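Pasted below: structure-v7.cif, mmCIF, C-alpha atoms.
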data_structure
loop_
_atom_site.label_atom_id
_atom_site.label_comp_id
_atom_site.auth_asym_id
_atom_site.auth_seq_id
_atom_site.Cartn_x
_atom_site.Cartn_y
_atom_site.Cartn_z
CA MET K 1492 88.14 3.65 -77.55
CA LYS K 1493 86.11 1.35 -75.36
CA VAL K 1494 82.65 2.70 -74.57
CA PRO K 1495 82.23 2.77 -70.80
CA ARG K 1496 79.58 0.55 -69.31
CA TRP K 1497 77.51 3.40 -67.93
CA LYS K 1498 77.34 5.08 -71.33
CA LYS K 1499 75.86 2.01 -72.93
CA ALA K 1500 73.12 1.95 -70.34
CA GLU K 1501 72.53 5.69 -70.31
CA PHE K 1502 69.61 6.01 -72.68
CA GLU K 1503 68.20 2.55 -72.55
CA GLU K 1504 64.52 2.48 -73.31
CA ILE K 1505 62.39 2.48 -70.18
CA GLU K 1506 60.31 -0.63 -70.23
CA TYR K 1507 57.92 -1.46 -67.47
CA GLU K 1508 58.96 -4.52 -65.50
CA PRO K 1509 56.67 -5.58 -62.71
CA LYS K 1510 58.67 -5.12 -59.52
CA SER K 1511 57.46 -4.29 -56.06
CA ILE K 1512 57.77 -0.75 -54.76
CA ARG K 1513 59.48 -2.18 -51.75
CA GLU K 1514 62.24 -3.76 -53.83
CA LEU K 1515 62.66 -0.63 -55.92
CA LEU K 1516 62.87 1.69 -52.94
CA LYS K 1517 65.23 -0.63 -51.13
CA GLU K 1518 67.61 -0.67 -54.07
CA MET K 1519 67.37 3.11 -54.46
CA LYS K 1520 68.21 3.65 -50.83
CA ASN K 1521 71.15 1.25 -51.03
CA ILE K 1522 72.49 2.96 -54.12
CA SER K 1523 72.08 6.43 -52.62
CA GLU K 1524 74.38 5.45 -49.77
CA LEU K 1525 76.90 3.49 -51.79
CA ILE K 1526 77.21 6.15 -54.47
CA VAL K 1527 78.12 8.94 -52.03
CA ASP K 1528 80.78 6.76 -50.46
CA LEU K 1529 82.21 5.88 -53.85
CA ALA K 1530 82.08 9.42 -55.21
CA TYR K 1531 84.06 10.86 -52.31
CA SER K 1532 86.49 7.94 -52.53
CA ALA K 1533 86.96 8.53 -56.26
CA ILE K 1534 87.80 12.19 -55.58
CA LEU K 1535 89.98 11.50 -52.60
CA PHE K 1536 91.98 8.76 -54.32
CA ASN K 1537 91.83 10.41 -57.73
CA SER K 1538 90.49 7.18 -59.17
CA LYS K 1539 88.94 7.12 -62.64
CA GLU K 1540 87.83 3.50 -62.35
CA ILE K 1541 85.77 4.21 -59.25
CA ALA K 1542 84.39 7.30 -60.96
CA GLU K 1543 83.17 5.07 -63.75
CA GLU K 1544 81.29 2.88 -61.27
CA VAL K 1545 79.66 6.01 -59.88
CA ARG K 1546 78.44 6.98 -63.35
CA TYR K 1547 77.08 3.49 -63.83
CA LEU K 1548 75.18 3.60 -60.54
CA GLU K 1549 73.82 7.02 -61.44
CA VAL K 1550 72.38 5.65 -64.67
CA ARG K 1551 70.88 2.69 -62.82
CA MET K 1552 69.27 5.08 -60.35
CA ASP K 1553 67.68 7.10 -63.15
CA LYS K 1554 66.05 3.95 -64.45
CA LEU K 1555 64.83 2.93 -61.00
CA ASN K 1556 63.30 6.37 -60.54
CA TYR K 1557 61.21 5.87 -63.69
CA ASP K 1558 60.24 2.36 -62.61
CA ILE K 1559 59.07 3.45 -59.19
CA ARG K 1560 56.95 6.26 -60.64
CA ILE K 1561 55.25 3.87 -63.05
CA THR K 1562 54.68 1.31 -60.32
CA ALA K 1563 53.33 3.91 -57.88
CA MET K 1564 50.87 5.26 -60.42
CA LEU K 1565 49.61 1.81 -61.20
CA ALA K 1566 49.21 0.99 -57.52
CA ALA K 1567 47.10 4.00 -56.54
CA ARG K 1568 43.39 3.28 -56.66
CA ASN K 1569 42.04 6.20 -54.65
CA THR K 1570 43.01 9.49 -53.01
CA GLU K 1571 44.25 7.81 -49.90
CA ASP K 1572 46.58 5.54 -51.87
CA ALA K 1573 47.80 8.48 -53.90
CA GLU K 1574 48.67 10.42 -50.76
CA LYS K 1575 50.71 7.57 -49.38
CA MET K 1576 52.48 7.13 -52.69
CA ALA K 1577 53.40 10.83 -52.71
CA GLY K 1578 55.61 10.24 -49.66
CA ILE K 1579 57.28 7.30 -51.33
CA LEU K 1580 57.95 9.22 -54.52
CA GLN K 1581 59.36 12.15 -52.57
CA ILE K 1582 61.91 9.87 -50.94
CA ALA K 1583 62.67 8.14 -54.23
CA GLN K 1584 63.28 11.53 -55.81
CA ALA K 1585 65.59 12.51 -52.95
CA SER K 1586 67.64 9.33 -53.49
CA ASN K 1587 67.88 10.24 -57.14
CA THR K 1588 69.04 13.76 -56.30
CA ILE K 1589 71.75 12.29 -54.10
CA SER K 1590 72.96 10.04 -56.89
CA ASN K 1591 72.99 12.94 -59.36
CA ALA K 1592 75.08 15.00 -56.94
CA ALA K 1593 77.51 12.10 -56.64
CA GLY K 1594 77.66 11.84 -60.43
CA ASP K 1595 78.43 15.55 -60.74
CA MET K 1596 81.17 15.18 -58.20
CA VAL K 1597 83.11 12.60 -60.18
CA LYS K 1598 82.81 14.63 -63.37
CA LEU K 1599 85.34 16.93 -61.72
CA LEU K 1600 87.99 14.30 -62.23
CA ALA K 1601 87.86 15.12 -65.93
CA TYR K 1602 89.28 18.61 -65.20
CA LYS K 1603 92.85 17.41 -65.75
CA LEU K 1604 94.27 19.17 -62.72
CA ASN K 1605 97.98 18.98 -62.06
CA HIS K 1606 97.40 17.25 -58.75
CA PRO K 1607 94.50 15.63 -56.88
CA ILE K 1608 91.63 17.94 -55.95
CA LEU K 1609 92.23 17.33 -52.26
CA PRO K 1610 96.02 17.02 -52.02
CA HIS K 1611 96.32 17.33 -48.25
CA LEU K 1612 93.63 14.86 -47.33
CA ILE K 1613 95.06 12.22 -49.63
CA LYS K 1614 98.53 12.58 -48.15
CA GLU K 1615 97.24 11.77 -44.71
CA SER K 1616 95.82 8.47 -45.81
CA ASP K 1617 98.02 5.49 -46.61
CA GLU K 1618 95.12 3.57 -48.05
CA ILE K 1619 94.32 3.05 -51.69
CA ILE K 1620 91.14 2.11 -53.47
CA ARG K 1621 90.93 -0.53 -56.18
CA LYS K 1622 88.43 -2.33 -58.35
CA MET K 1623 89.24 -6.01 -58.83
CA SER K 1624 87.45 -8.87 -60.51
CA ILE K 1625 87.45 -12.52 -59.45
CA ASP K 1626 88.98 -14.91 -61.93
CA GLU K 1627 87.27 -18.26 -62.38
CA LYS K 1628 90.42 -20.11 -61.38
CA SER K 1629 90.72 -18.22 -58.10
CA SER K 1630 90.34 -20.27 -54.93
CA ALA K 1631 88.11 -17.46 -53.63
CA VAL K 1632 85.26 -18.55 -55.91
CA ASN K 1633 82.34 -19.95 -53.90
CA LYS K 1634 83.94 -19.05 -50.57
CA THR K 1635 82.53 -16.60 -48.06
CA ILE K 1636 84.33 -13.36 -47.21
CA SER K 1637 84.95 -14.43 -43.63
CA GLU K 1638 86.23 -17.86 -44.69
CA LEU K 1639 88.90 -16.11 -46.74
CA ARG K 1640 89.85 -13.92 -43.75
CA ILE K 1641 90.25 -10.97 -46.08
CA SER K 1642 90.14 -8.17 -43.55
CA SER K 1643 92.24 -9.87 -40.88
CA GLU K 1644 94.95 -11.04 -43.31
CA THR K 1645 95.19 -8.03 -45.60
CA GLY K 1646 93.54 -5.11 -43.79
CA VAL K 1647 91.40 -4.59 -46.89
CA ARG K 1648 87.74 -3.65 -46.53
CA ILE K 1649 85.27 -4.49 -49.28
CA LEU K 1650 83.08 -1.44 -49.89
CA ALA K 1651 80.84 -3.12 -52.41
CA ILE K 1652 80.49 -6.01 -54.82
CA ARG K 1653 79.02 -5.71 -58.27
CA ARG K 1654 77.52 -8.95 -59.54
CA LYS K 1655 76.24 -8.58 -63.10
CA SER K 1656 73.92 -5.59 -62.75
CA ARG K 1657 73.24 -6.08 -59.03
CA TRP K 1658 75.12 -4.42 -56.23
CA ILE K 1659 75.88 -5.66 -52.75
CA TYR K 1660 76.69 -2.74 -50.52
CA ALA K 1661 78.88 -3.22 -47.42
CA PRO K 1662 78.84 -7.02 -47.85
CA LYS K 1663 78.59 -9.16 -44.75
CA GLY K 1664 81.12 -11.88 -43.90
CA SER K 1665 78.62 -14.51 -44.94
CA VAL K 1666 78.45 -13.33 -48.57
CA VAL K 1667 79.71 -16.02 -50.96
CA LEU K 1668 82.01 -14.72 -53.70
CA LYS K 1669 81.27 -15.76 -57.28
CA LYS K 1670 83.44 -15.79 -60.37
CA GLY K 1671 83.21 -12.54 -62.28
CA ASP K 1672 82.29 -10.52 -59.18
CA ILE K 1673 83.77 -7.03 -59.19
CA LEU K 1674 85.04 -6.03 -55.76
CA ILE K 1675 85.60 -2.42 -54.77
CA CYS K 1676 88.11 -2.43 -51.98
CA ILE K 1677 89.89 0.04 -49.79
CA GLY K 1678 93.01 -0.69 -47.77
CA PRO K 1679 96.80 -0.66 -47.54
CA GLU K 1680 98.66 -1.21 -50.82
CA GLU K 1681 100.50 -4.30 -49.65
CA GLY K 1682 97.32 -6.06 -48.56
CA MET K 1683 95.66 -5.01 -51.77
CA ASN K 1684 98.39 -6.66 -53.86
CA GLN K 1685 98.06 -9.84 -51.86
CA LEU K 1686 94.30 -9.90 -52.37
CA ARG K 1687 94.73 -9.30 -56.09
CA GLU K 1688 96.97 -12.37 -56.34
CA LEU K 1689 94.32 -14.45 -54.60
CA LEU K 1690 91.53 -13.17 -56.84
CA LYS K 1691 93.60 -13.86 -59.95
CA GLY K 1692 94.28 -17.41 -58.77
CA LYS K 1693 98.02 -16.82 -58.39
CA ILE K 1694 98.02 -17.75 -54.72
CA GLU K 1695 95.75 -20.23 -52.96
CA VAL K 1696 95.35 -18.67 -49.52
CA LEU K 1697 95.98 -15.38 -47.77
CA GLU K 1698 98.52 -15.48 -44.99
CA MET O 118 97.71 27.52 -45.56
CA SER O 119 94.18 28.14 -46.63
CA GLU O 120 94.16 25.37 -49.22
CA LYS O 121 94.27 22.96 -46.33
CA GLU O 122 91.57 24.93 -44.60
CA ALA O 123 89.34 24.52 -47.65
CA GLU O 124 89.84 20.76 -47.55
CA GLU O 125 88.91 20.62 -43.90
CA LEU O 126 85.76 22.59 -44.59
CA LEU O 127 84.90 20.22 -47.40
CA LEU O 128 85.40 17.24 -45.14
CA GLU O 129 83.09 18.74 -42.57
CA LEU O 130 80.48 19.44 -45.25
CA LYS O 131 80.68 15.82 -46.37
CA GLU O 132 80.29 14.47 -42.85
CA LYS O 133 77.36 16.73 -42.06
CA ALA O 134 75.61 15.87 -45.32
CA GLU O 135 75.97 12.16 -44.64
CA LEU O 136 74.75 12.55 -41.08
CA MET O 137 71.71 14.41 -42.39
CA VAL O 138 70.81 11.58 -44.74
CA ASP O 139 71.08 9.07 -41.89
CA LEU O 140 69.01 11.22 -39.57
CA ALA O 141 66.41 11.84 -42.26
CA TYR O 142 65.88 8.14 -42.87
CA SER O 143 65.63 7.39 -39.17
CA SER O 144 63.12 10.21 -38.67
CA VAL O 145 60.87 8.52 -41.22
CA LEU O 146 61.50 5.05 -39.84
CA TYR O 147 60.66 5.99 -36.25
CA ASP O 148 58.08 8.61 -37.16
CA ASN O 149 60.10 11.12 -35.14
CA LYS O 150 59.55 14.81 -35.80
CA GLU O 151 62.35 15.98 -33.51
CA ILE O 152 64.97 14.22 -35.60
CA ALA O 153 63.38 15.58 -38.77
CA GLU O 154 63.58 19.12 -37.35
CA GLU O 155 67.25 18.62 -36.58
CA VAL O 156 67.78 17.76 -40.25
CA TYR O 157 66.25 21.12 -41.14
CA GLU O 158 68.55 22.93 -38.76
CA LEU O 159 71.59 21.12 -40.04
CA GLU O 160 70.62 22.19 -43.51
CA ASP O 161 71.06 25.84 -42.55
CA PHE O 162 74.40 25.00 -41.03
CA VAL O 163 75.52 23.23 -44.21
CA ASP O 164 74.47 26.25 -46.28
CA ALA O 165 76.62 28.49 -44.10
CA LEU O 166 79.58 26.10 -44.33
CA ASN O 167 79.27 25.98 -48.08
CA GLU O 168 79.22 29.73 -48.34
CA GLU O 169 82.35 29.95 -46.25
CA LEU O 170 84.03 27.38 -48.47
CA GLN O 171 83.09 29.26 -51.62
CA LYS O 172 84.47 32.53 -50.30
CA LEU O 173 87.69 30.83 -49.27
CA ALA O 174 88.14 29.25 -52.69
CA ILE O 175 87.54 32.55 -54.47
CA LYS O 176 89.98 34.29 -52.16
CA ASP O 177 92.64 31.67 -52.83
CA VAL O 178 92.17 31.94 -56.57
CA LYS O 179 92.44 35.71 -56.34
CA SER O 180 95.65 35.54 -54.35
CA GLY O 181 97.08 33.00 -56.78
CA GLU O 182 97.31 30.24 -54.20
CA LEU O 183 94.91 28.08 -56.18
CA GLU O 184 94.62 27.75 -59.94
CA LEU O 185 91.30 28.68 -61.46
CA ASN O 186 90.33 25.05 -62.13
CA GLU O 187 91.32 23.98 -58.64
CA GLY O 188 89.21 26.67 -57.07
CA LEU O 189 86.31 25.76 -59.30
CA ALA O 190 86.61 22.07 -58.41
CA ILE O 191 86.45 22.90 -54.71
CA ILE O 192 83.40 25.12 -55.19
CA GLN O 193 81.63 22.43 -57.19
CA LEU O 194 82.43 19.74 -54.63
CA GLY O 195 80.88 21.98 -52.01
CA SER O 196 77.73 22.43 -54.09
CA CYS O 197 77.41 18.68 -54.58
CA SER O 198 77.59 18.14 -50.82
CA GLU O 199 74.98 20.81 -50.39
CA ALA O 200 72.74 19.08 -52.93
CA ILE O 201 73.00 15.91 -50.83
CA ALA O 202 72.08 17.88 -47.73
CA ASP O 203 69.07 19.33 -49.57
CA ALA O 204 67.96 15.83 -50.54
CA ALA O 205 68.15 14.80 -46.88
CA ARG O 206 65.91 17.75 -46.03
CA ASP O 207 63.42 16.57 -48.67
CA ILE O 208 63.28 13.18 -46.96
CA ALA O 209 62.73 14.77 -43.54
CA ASP O 210 60.02 16.91 -45.13
CA VAL O 211 57.88 13.80 -45.61
CA GLU O 212 57.99 13.24 -41.85
CA LEU O 213 57.29 16.86 -40.93
CA ARG O 214 54.36 17.28 -43.26
CA ASP O 215 52.36 14.45 -41.77
CA VAL O 216 52.09 12.76 -45.10
CA GLU O 217 50.56 9.45 -44.20
CA LEU O 218 53.36 6.98 -44.67
CA HIS O 219 52.92 3.86 -46.66
CA PRO O 220 54.00 0.77 -44.68
CA VAL O 221 56.25 -0.17 -47.59
CA LEU O 222 58.38 2.87 -46.82
CA ARG O 223 59.43 1.60 -43.41
CA GLU O 224 59.84 -1.94 -44.66
CA SER O 225 62.24 -0.88 -47.38
CA ILE O 226 64.32 1.22 -44.98
CA MET O 227 64.46 -1.67 -42.50
CA GLU O 228 65.39 -4.24 -45.12
CA ALA O 229 68.12 -2.23 -46.80
CA ASP O 230 71.75 -3.30 -46.52
CA GLU O 231 72.45 -0.83 -43.75
CA VAL O 232 70.08 -0.85 -40.82
CA PHE O 233 68.85 1.66 -38.26
CA VAL O 234 68.34 0.73 -34.63
CA ARG O 235 66.83 2.50 -31.65
CA VAL O 236 67.62 1.08 -28.23
CA ARG O 237 67.52 2.18 -24.59
CA VAL O 238 70.65 1.60 -22.50
CA ALA O 239 69.96 -0.54 -19.44
CA GLU O 240 71.53 0.09 -16.03
CA ASP O 241 73.46 -3.18 -16.12
CA SER O 242 74.65 -2.72 -19.69
CA VAL O 243 78.42 -2.91 -20.21
CA LEU O 244 78.13 0.32 -22.18
CA THR O 245 76.84 2.33 -19.22
CA ASP O 246 79.27 5.05 -18.05
CA LYS O 247 81.77 4.25 -20.81
CA SER O 248 82.79 6.58 -23.58
CA ILE O 249 82.04 5.65 -27.18
CA GLY O 250 85.78 5.52 -27.93
CA GLU O 251 86.52 3.38 -24.89
CA VAL O 252 84.18 0.57 -25.96
CA LYS O 253 85.30 0.85 -29.61
CA LEU O 254 81.68 0.61 -30.59
CA ALA O 255 82.07 1.05 -34.34
CA SER O 256 84.96 -1.35 -34.85
CA LYS O 257 83.62 -4.02 -32.46
CA THR O 258 79.98 -4.04 -33.44
CA GLY O 259 79.81 -2.35 -36.83
CA MET O 260 77.22 0.09 -35.43
CA TRP O 261 77.70 3.79 -34.90
CA ILE O 262 75.62 6.27 -32.97
CA ILE O 263 74.05 9.06 -34.97
CA ALA O 264 72.03 10.56 -32.13
CA ILE O 265 71.38 10.14 -28.40
CA LYS O 266 68.25 11.18 -26.56
CA ARG O 267 69.09 11.89 -22.94
CA ASN O 268 66.54 13.26 -20.44
CA GLY O 269 64.48 14.74 -23.24
CA LYS O 270 67.49 16.45 -24.81
CA TRP O 271 69.18 15.46 -28.04
CA ILE O 272 72.84 14.97 -28.80
CA TYR O 273 73.55 14.61 -32.49
CA ASP O 274 76.65 13.04 -34.01
CA PRO O 275 78.35 12.39 -30.64
CA ASN O 276 82.16 12.21 -30.68
CA LYS O 277 84.24 9.41 -29.19
CA TYR O 278 84.62 11.14 -25.84
CA MET O 279 80.88 11.15 -25.23
CA LYS O 280 79.89 8.94 -22.29
CA ILE O 281 76.98 6.56 -22.70
CA MET O 282 74.61 6.74 -19.72
CA GLU O 283 71.89 4.58 -18.32
CA GLY O 284 68.53 5.45 -19.84
CA ASP O 285 70.05 6.97 -23.01
CA VAL O 286 68.10 6.18 -26.11
CA LEU O 287 70.63 5.49 -28.84
CA PHE O 288 69.80 5.94 -32.51
CA CYS O 289 72.32 3.96 -34.49
CA LYS O 290 73.17 2.89 -37.95
CA GLY O 291 75.28 0.00 -39.13
CA THR O 292 75.48 -3.45 -40.60
CA ARG O 293 72.76 -6.02 -40.14
CA GLU O 294 75.33 -8.45 -38.73
CA GLY O 295 76.32 -6.23 -35.83
CA MET O 296 72.80 -5.19 -34.95
CA GLU O 297 71.69 -8.00 -32.66
CA HIS O 298 74.95 -8.08 -30.75
CA PHE O 299 74.72 -4.34 -30.25
CA ILE O 300 71.11 -4.46 -29.03
CA ALA O 301 71.99 -7.21 -26.56
CA LEU O 302 74.93 -5.13 -25.27
CA ALA O 303 72.76 -2.07 -24.72
CA LYS O 304 70.06 -4.08 -22.98
CA GLY O 305 72.62 -5.68 -20.70
CA GLU O 306 71.88 -9.18 -21.96
CA GLU O 307 75.34 -9.60 -23.41
CA LYS O 308 78.46 -8.60 -21.52
CA GLU O 309 81.18 -9.38 -24.03
CA ILE O 310 81.87 -6.49 -26.40
#
Would it be possible to restate this file's structure as structure tokens?
Amino acid sequence: MKVPRWKKAEFEEIEYEPKSIRELLKEMKNISELIVDLAYSAILFNSKEIAEEVRYLEVRMDKLNYDIRITAMLAARNTEDAEKMAGILQIAQASNTISNAAGDMVKLLAYKLNHPILPHLIKESDEIIRKMSIDEKSSAVNKTISELRISSETGVRILAIRRKSRWIYAPKGSVVLKKGDILICIGPEEGMNQLRELLKGKIEVLE
Amino acid sequence: MSEKEAEELLLELKEKAELMVDLAYSSVLYDNKEIAEEVYELEDFVDALNEELQKLAIKDVKSGELELNEGLAIIQLGSCSEAIADAARDIADVELRDVELHPVLRESIMEADEVFVRVRVAEDSVLTDKSIGEVKLASKTGMWIIAIKRNGKWIYDPNKYMKIMEGDVLFCKGTREGMEHFIALAKGEEKEI
């Protein structure tokens, strides 16, 4: 059995990397919003692959929470500094709590229920959620999202992009797609299939 | 059918929890205690909703309408939403306690992927006297209103029928791309929605 990505990262040794508090907090805030969105989507669409992304983000958040504590302690030189840092750490901790709650939510998908947890809500939606990667031969490589006219041609919305271990949440139209990017998309099935063909390099343009 | 009822309750819990997180961040960003207090009040409301949901799930399991695991899943989903709401309260707590805020805190909230905006609606704005649904604010600008301050009173999480009025202070959240366009619309500098 393949070991999921989040499991590999779960107990990585915490090593101090100099990073600014601002960058750390920014990433934590971004993750705390993305992860809630993804967790509810995973439940609603009964999607194990999205659940796996949630677990991965949760692990990343745990690491960031250690990093920000280390950085905050190193940055405080006096009582006044320490007081200001306390506010920052409180918010960092809250982001971490949010991501843990999201992680707990997707664990429910392992219950092996006979039908989705929220059967009525899912019926009312004709959208699906998918995780797709960009093949190097795809014409989408090095193009921006708006250039490809993804939302107008397919009705698909990109919730997030994972690029190596970085995340881009609610990407703007000006974001350039790279080979190997993982796109998490939500939209009608037909549009989704069309987009998949483009990302695999089977079609050149969306129309 | 109460199973459907449970789902609707869950959906409301989710929406309220997310609203609380948004409000909590903007209370810190704008150093605004009134918004932070609203987060506290919403937290009580979320607790009550969750309790209602739990009772409903237990009742449905008892009557055989839900299987044990299904009922448990619904209860746990409710608790997770409540945990998110609690985290939002912890963020608002920083604002209420007068902890002196580090400038980095505001910078990181402002620079994050999703942005918060506060803007006053001008008399000659195209938004004035229109409902939120009418101007299709969210789909046209990518910004949505989380709270309105009108004549000293607050309206939280306004629905699409809510009319935008001159002098309203809108607290919004959305994408960085839509932000400038939205601000120009509210100030009356841009007429094309």
**Q.** Distance query stretch 167-175 of chain O at most 10 Å, all atoms listed in the file, self and fewer than 5 positions along chain excluded, as a count of residues only
**A.** 31
Q.
For the PyMOL selection byres ((chain O) within 6 of (chain K)), applied here, can you spell out every residue it catches as an MDAnalysis selection string?
A. chainID O and resid 194 197 201 204 208 211 217:219 221 225 229
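Under the PyMOL selection byres ((chain O and resi 157) around 9), the matching residues in the shown file are Met137, Ile152, Ala153, Glu154, Glu155, Val156, Glu158, Leu159, Glu160, Asp161, Ala205, Arg206, Ala209 and Asp210 of chain O.
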Got a sec: who's within 9 Å of stretch 291-301 of chain O, counting only C-alpha atoms, leaving out chain neighbours fewer than 5 positions off, as a short mmCIF file (atom, residue, chain, number, x, y, z; two decimals) with C-alpha atoms, in the frame of the given file?
data_model
loop_
_atom_site.label_atom_id
_atom_site.label_comp_id
_atom_site.auth_asym_id
_atom_site.auth_seq_id
_atom_site.Cartn_x
_atom_site.Cartn_y
_atom_site.Cartn_z
CA ALA K 1661 78.88 -3.22 -47.42
CA PRO K 1662 78.84 -7.02 -47.85
CA LYS K 1663 78.59 -9.16 -44.75
CA GLY K 1664 81.12 -11.88 -43.90
CA ALA O 229 68.12 -2.23 -46.80
CA ASP O 230 71.75 -3.30 -46.52
CA GLU O 231 72.45 -0.83 -43.75
CA VAL O 232 70.08 -0.85 -40.82
CA PHE O 233 68.85 1.66 -38.26
CA VAL O 234 68.34 0.73 -34.63
CA ARG O 235 66.83 2.50 -31.65
CA VAL O 236 67.62 1.08 -28.23
CA ARG O 237 67.52 2.18 -24.59
CA VAL O 238 70.65 1.60 -22.50
CA SER O 242 74.65 -2.72 -19.69
CA LEU O 254 81.68 0.61 -30.59
CA ALA O 255 82.07 1.05 -34.34
CA LYS O 257 83.62 -4.02 -32.46
CA THR O 258 79.98 -4.04 -33.44
CA GLY O 259 79.81 -2.35 -36.83
CA MET O 260 77.22 0.09 -35.43
CA TRP O 261 77.70 3.79 -34.90
CA ILE O 262 75.62 6.27 -32.97
CA GLU O 306 71.88 -9.18 -21.96
CA GLU O 307 75.34 -9.60 -23.41
CA LYS O 308 78.46 -8.60 -21.52
CA ILE O 310 81.87 -6.49 -26.40
#
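Candidate residues O:Lys270, O:Asp241, O:Ile263, O:Leu136 were compared for distance to O:Cys289, and the nearest is O:Ile263, using all atoms listed in the file.
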Would you kindly translate the PyMOL selection byres ((chain K and resi 1669) around 8) into the concrete residues it picks from this file, as a short mmCIF file (atom, residue, chain, number, x, y, z; two decimals) with C-alpha atoms, keeping the file's coordinate frame?
data_model
loop_
_atom_site.label_atom_id
_atom_site.label_comp_id
_atom_site.auth_asym_id
_atom_site.auth_seq_id
_atom_site.Cartn_x
_atom_site.Cartn_y
_atom_site.Cartn_z
CA ILE K 1625 87.45 -12.52 -59.45
CA ALA K 1631 88.11 -17.46 -53.63
CA VAL K 1632 85.26 -18.55 -55.91
CA ASN K 1633 82.34 -19.95 -53.90
CA LYS K 1634 83.94 -19.05 -50.57
CA VAL K 1667 79.71 -16.02 -50.96
CA LEU K 1668 82.01 -14.72 -53.70
CA LYS K 1670 83.44 -15.79 -60.37
CA GLY K 1671 83.21 -12.54 -62.28
CA ASP K 1672 82.29 -10.52 -59.18
#
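Among the candidates K:Ile1675, K:Met1623, K:Ala1601, K:Leu1639, the one nearest to K:Lys1539 when counting all atoms listed in the file is K:Ala1601.
Our summary of the geometry notes that atom CA of O:Lys280 is positioned 26.5 Å from atom CA of O:Val163.
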Taking every listed atom of stretch 1569-1579 of chain K and adding 8 Å to each side, what centre and edge lengths in Å (one decimal) does the axis-aligned box have, as lines of an AutoDock Vina configuration file?
center_x = 49.7
center_y = 8.2
center_z = -52.0
size_x = 31.2
size_y = 21.3
size_z = 21.3
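Put simply, atom CA of K:Lys1691 is 28.3 Å away from atom CA of K:Arg1551.
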Identify, on the basis of all atoms listed in the file, every residue whose closest approach to K:Arg1687 does not exceed 12 Å; exclude the query and any residue fewer than 6 positions from it along the same chain; express the result as an mmCIF file with C-alpha atoms, in the frame of the given file.
data_model
loop_
_atom_site.group_PDB
_atom_site.id
_atom_site.type_symbol
_atom_site.label_atom_id
_atom_site.label_comp_id
_atom_site.auth_asym_id
_atom_site.auth_seq_id
_atom_site.Cartn_x
_atom_site.Cartn_y
_atom_site.Cartn_z
ATOM 1 C CA ARG K 1621 90.930 -0.530 -56.180
ATOM 2 C CA LYS K 1622 88.430 -2.330 -58.350
ATOM 3 C CA MET K 1623 89.240 -6.010 -58.830
ATOM 4 C CA SER K 1624 87.450 -8.870 -60.510
ATOM 5 C CA ILE K 1625 87.450 -12.520 -59.450
ATOM 6 C CA ASP K 1626 88.980 -14.910 -61.930
ATOM 7 C CA SER K 1629 90.720 -18.220 -58.100
ATOM 8 C CA SER K 1630 90.340 -20.270 -54.930
ATOM 9 C CA ALA K 1631 88.110 -17.460 -53.630
ATOM 10 C CA ILE K 1641 90.250 -10.970 -46.080
ATOM 11 C CA THR K 1645 95.190 -8.030 -45.600
ATOM 12 C CA VAL K 1647 91.400 -4.590 -46.890
ATOM 13 C CA ILE K 1673 83.770 -7.030 -59.190
ATOM 14 C CA LEU K 1674 85.040 -6.030 -55.760
ATOM 15 C CA ILE K 1675 85.600 -2.420 -54.770
ATOM 16 C CA CYS K 1676 88.110 -2.430 -51.980
ATOM 17 C CA GLU K 1680 98.660 -1.210 -50.820
ATOM 18 C CA GLU K 1681 100.500 -4.300 -49.650
ATOM 19 C CA LYS K 1693 98.020 -16.820 -58.390
ATOM 20 C CA ILE K 1694 98.020 -17.750 -54.720
ATOM 21 C CA GLU K 1695 95.750 -20.230 -52.960
ATOM 22 C CA VAL K 1696 95.350 -18.670 -49.520
ATOM 23 C CA LEU K 1697 95.980 -15.380 -47.770
#
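Of the residues listed (O:Asp139, O:Glu309, O:Glu151, O:Asp164), O:Glu309 shows the shortest atom-to-atom separation from O:Val252; distances use all atoms listed in the file.
The gap separating atom CA of O:Arg267 from atom CA of O:Lys150 is 16.3 Å, in Å to one decimal.
Using only C-alpha atoms, the smallest distance between any of K:Gly1678, K:Ile1620, K:Pro1509, K:Asn1569 and K:Ala1542 comes from K:Ile1620.
Distance annotation: of O:Ala141, O:Leu166, O:Ala134, O:Ile249, the residue with the minimal separation from O:Tyr278 is O:Ile249; atom set is only C-alpha atoms.
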Q: Kindly extract all protein, DNA and RNA residues lying within 10 Å of the coordinates (58.6, 4.7, -36.8) given in the file, considering all atoms listed in the file, and supply them as a PyMOL selection string.
A: chain O and resi 143-149+212+218+220+223+235
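Nearest to K:Leu1525 of all the residues O:Ile272, O:Asp215, O:Glu135, O:Lys247 is O:Glu135, based on only C-alpha atoms.
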